[in-house]
Amino acid sequence: FRCLMSSILITGGSGYIGSHTVVALISAGYNPVIVDNLSNSKITVLDRIETITGKRPPFYQIDLRDRAALDVVFQTHSISAAIHFGGLKAVGESVAEPLRYYENNIESTLSLCFVMAARGVKRLVFSSSATVYGDPHTVPIREDFPLAPANPYGRTKLMIEQILQDLYAADPAWQIALLRYFNPVGAHPSGLIGEDPGGHPNNLMPYISQVAVGRRERLSVFGSDYPTTDGTGVRDYIHVMDLAEGHLAALRYMEKAESLSPQRQEYKLNLSSPDSLSFPRRRESIPLIVNLGTGRGYSVLEMVSAFEKVSGKTIPWQITDRRPGDIAACYADAIRAKDLLGWTASRTLTDMCADTWRWQSQNPAGYP
Ligand code: NAD
Ligand code: UDP
């Protein structure tokens, strides 16, 4: 059996960002195929995707490092591109278990690229992270800022970016997009899919929403003496559906690039107003590298108060020590995404809180 309809492989597609991107892809008429080992997601997400979209994407429970199993997916489906979300992402865990992080994230990517190359599928979107910038010397953060990740998780992202750049330089048939996400939050507006961190949430929004729903007593605010408006950390929170649509924009950019010119000289066409930030002039330079953020930051206390307003719940909080490794402020310069991909985040902070709250209150214990 071989499905002839062209498909997009979504690694990590049952996870938080992957599942929302699957919904966005189906809504846009694409056929996503999911590969995930379910190490950090639940199979029930498929029922929810089906309820939202009316379609159930093919799903393979496979570890990405299993090349033979992955190859069968490429034999079964006519895959035209891959979006690579699959990976481990907890910063603290990566400090405690660096080998597991390097092994999982890097081997998964190598395996995926080997199979893609063997099957002649050379269009790849990679989930990178603003964490590759480390502590920026200034904000907003532009794509050409120095890269200095501060923990093993971030270093896996940077190493994978470098591997993919080498691959891109070696073989002109590859199209590669490195998307550096800022802080994804929120959920699909149906409240059927959302972020479901197992155990103790590390990130701010899931923690706030678990306090709101009564699963946690109070939020610890990690530090109040940062050089920010109210002393708490500032981040660029981006609605996960905006982020999902950013992947669509990157995919379309690459599809269009290829149709414009088989040699992909079209990349040069994007240089109508060349400056240091424009897309690389020469084919042999770097792949598409784009921040996906809103371009503005909110403090921890601004997030708490926005969430309280939307949910009608009081979020008890207390100031505690700074979290080791945290930085004061991190938000994107989002201009390149707009110029190259024609994409900007459109959902507001209120949308982010309302959709998080809908998901959390409808699913207080996460996915069944
Ligand atoms: P997630 O944990 O919800 O999704 C990742 C998925 O990958 C999970 O479903 C997990 O089971 C799967 N996976 C992990 N290792 C695998 C392997 N070896 N084989 C097959 N499947 C595997 O995380 P997410 O928040 O949806 O993040 C998706 C991607 O985006 C990750 O690569 C993450 O590093 C990156 N990212 C996330 C954030 C964030 O704040 N959520 C920010 C920047 C970048
Ligand atoms: N934060 C907090 N309490 C928490 C979790 C996070 O005060 O329980 C703060 C954290 O110090 C940072 C912001 O919220 O300033 C966002 O943290 P998160 O871990 O969500 O994202 P990251 O720091 O990785 O950008």
# chains A, B, ... in the order shown; residues from 1 in each chain; ligands from 1
>>> residues_around(residues="Leu192 in chain A", least_positions_apart="4", cutoff="7 Å", atoms="only C-alpha atoms", output="VMD selection string")
chain A and resid 48 188 359
>>> residues_around(residues="range 225-231 of chain A", least_positions_apart="2", cutoff="7 Å", atoms="only C-alpha atoms", output="ChimeraX atom specification")
/A:223,233,328
>>> residues_around(residues="range 320-325 of chain A", least_positions_apart="5", cutoff="8 Å", atoms="only C-alpha atoms", output="list in words")
Ala150, Ser220, Val221, Phe222, Gly223 and Ser224 of chain A
>>> write_last_selection(atoms="N, CA, C and O atoms", output="compact mmCIF listing (two decimals), in the first residue's frame")
# COMPACT_ATOMS: atom_id res chain seq x y z
N ALA A 150 22.60 28.51 27.16
CA ALA A 150 23.14 28.41 28.51
C ALA A 150 22.89 27.06 29.17
O ALA A 150 23.20 26.88 30.34
N SER A 220 5.00 30.61 42.38
CA SER A 220 6.24 31.25 42.82
C SER A 220 6.71 32.14 41.69
O SER A 220 6.90 31.68 40.56
N VAL A 221 6.89 33.41 41.99
CA VAL A 221 7.43 34.35 41.00
C VAL A 221 8.94 34.40 41.22
O VAL A 221 9.40 34.84 42.27
N PHE A 222 9.67 33.94 40.21
CA PHE A 222 11.12 33.75 40.36
C PHE A 222 11.88 35.06 40.21
O PHE A 222 12.41 35.36 39.14
N GLY A 223 11.93 35.83 41.26
CA GLY A 223 12.74 37.05 41.26
C GLY A 223 11.92 38.28 40.97
O GLY A 223 11.02 38.28 40.12
N SER A 224 12.21 39.36 41.72
CA SER A 224 11.48 40.62 41.52
C SER A 224 12.46 41.79 41.42
O SER A 224 12.08 42.94 41.55
>>> residues_around(residues="range 10-23 of chain A", least_positions_apart="5", cutoff="9 Å", atoms="only C-alpha atoms", output="ChimeraX atom specification")
/A:28,30-38,40-46,49-50,52-53,57,59,64,81-87,184,187-188,193-197,240-241,243-245,247-248
>>> residues_around(residues="His200 in chain A", least_positions_apart="5", cutoff="10 Å", atoms="only C-alpha atoms", output="number ranges by chain")
A: 206-207, 210, 216
>>> atom_distance(atom1="CA of Arg142 in chain A", atom2="atom 15 (N, counted along the ligand's line) of ligand 1")
28.5 Å
>>> closest_residue(among="A:Ile327, A:Ala249, A:Pro98, A:Pro152", to="Ala24 in chain A", atoms="only C-alpha atoms")
A:Ala249
>>> atom_distance(atom1="CA of Asp144 in chain A", atom2="atom 37 (C, counted along the ligand's line) of ligand 1")
20.3 Å
>>> select_by_dssp(residues="range 124-300 of chain A", states="helix (DSSP H, G or I)", output="PyMOL selection string")
chain A and resi 130-133+152-170+204-212+240-260+265-271+300
>>> atom_distance(atom1="atom 7 (O, counted along the ligand's line) of ligand 2", atom2="CA of Val91 in chain A")
14.9 Å
>>> residues_around(residues="Leu99 in chain A", least_positions_apart="6", cutoff="12 Å", atoms="only C-alpha atoms", output="JSON, numbers by chain")
{"A": [88, 93, 105, 106, 107, 152, 153, 155, 156]}
>>> closest_residue(among="A:Gln360, A:Ser299, A:Ser129, A:Asn202", to="ligand 1", atoms="only C-alpha atoms and all ligand atoms")
A:Ser129
>>> residues_around(residues="Arg180 in chain A", least_positions_apart="3", cutoff="6 Å", atoms="only C-alpha atoms", output="list in words")
Ser128, Ser129, Ala130, Asn291 and Leu292 of chain A
>>> write_last_selection(atoms="C-alpha atoms", output="PDB file, in the first residue's frame")
ATOM      1  CA  SER A 128      14.544  25.747  17.177  1.00  0.00           C
ATOM      2  CA  SER A 129      14.244  28.077  20.116  1.00  0.00           C
ATOM      3  CA  ALA A 130      15.058  31.571  21.326  1.00  0.00           C
ATOM      4  CA  ASN A 291      12.297  34.206  14.841  1.00  0.00           C
ATOM      5  CA  LEU A 292       8.682  33.358  15.586  1.00  0.00           C
TER       6      LEU A 292
END
>>> closest_residue(among="A:Pro146, A:Gly154, A:Gly120, A:Pro58", to="ligand 2", atoms="only C-alpha atoms and all ligand atoms")
A:Gly154
>>> closest_residue(among="A:Gly366, A:Pro287, A:Pro140, A:Gly134", to="ligand 2", atoms="only C-alpha atoms and all ligand atoms")
A:Gly134
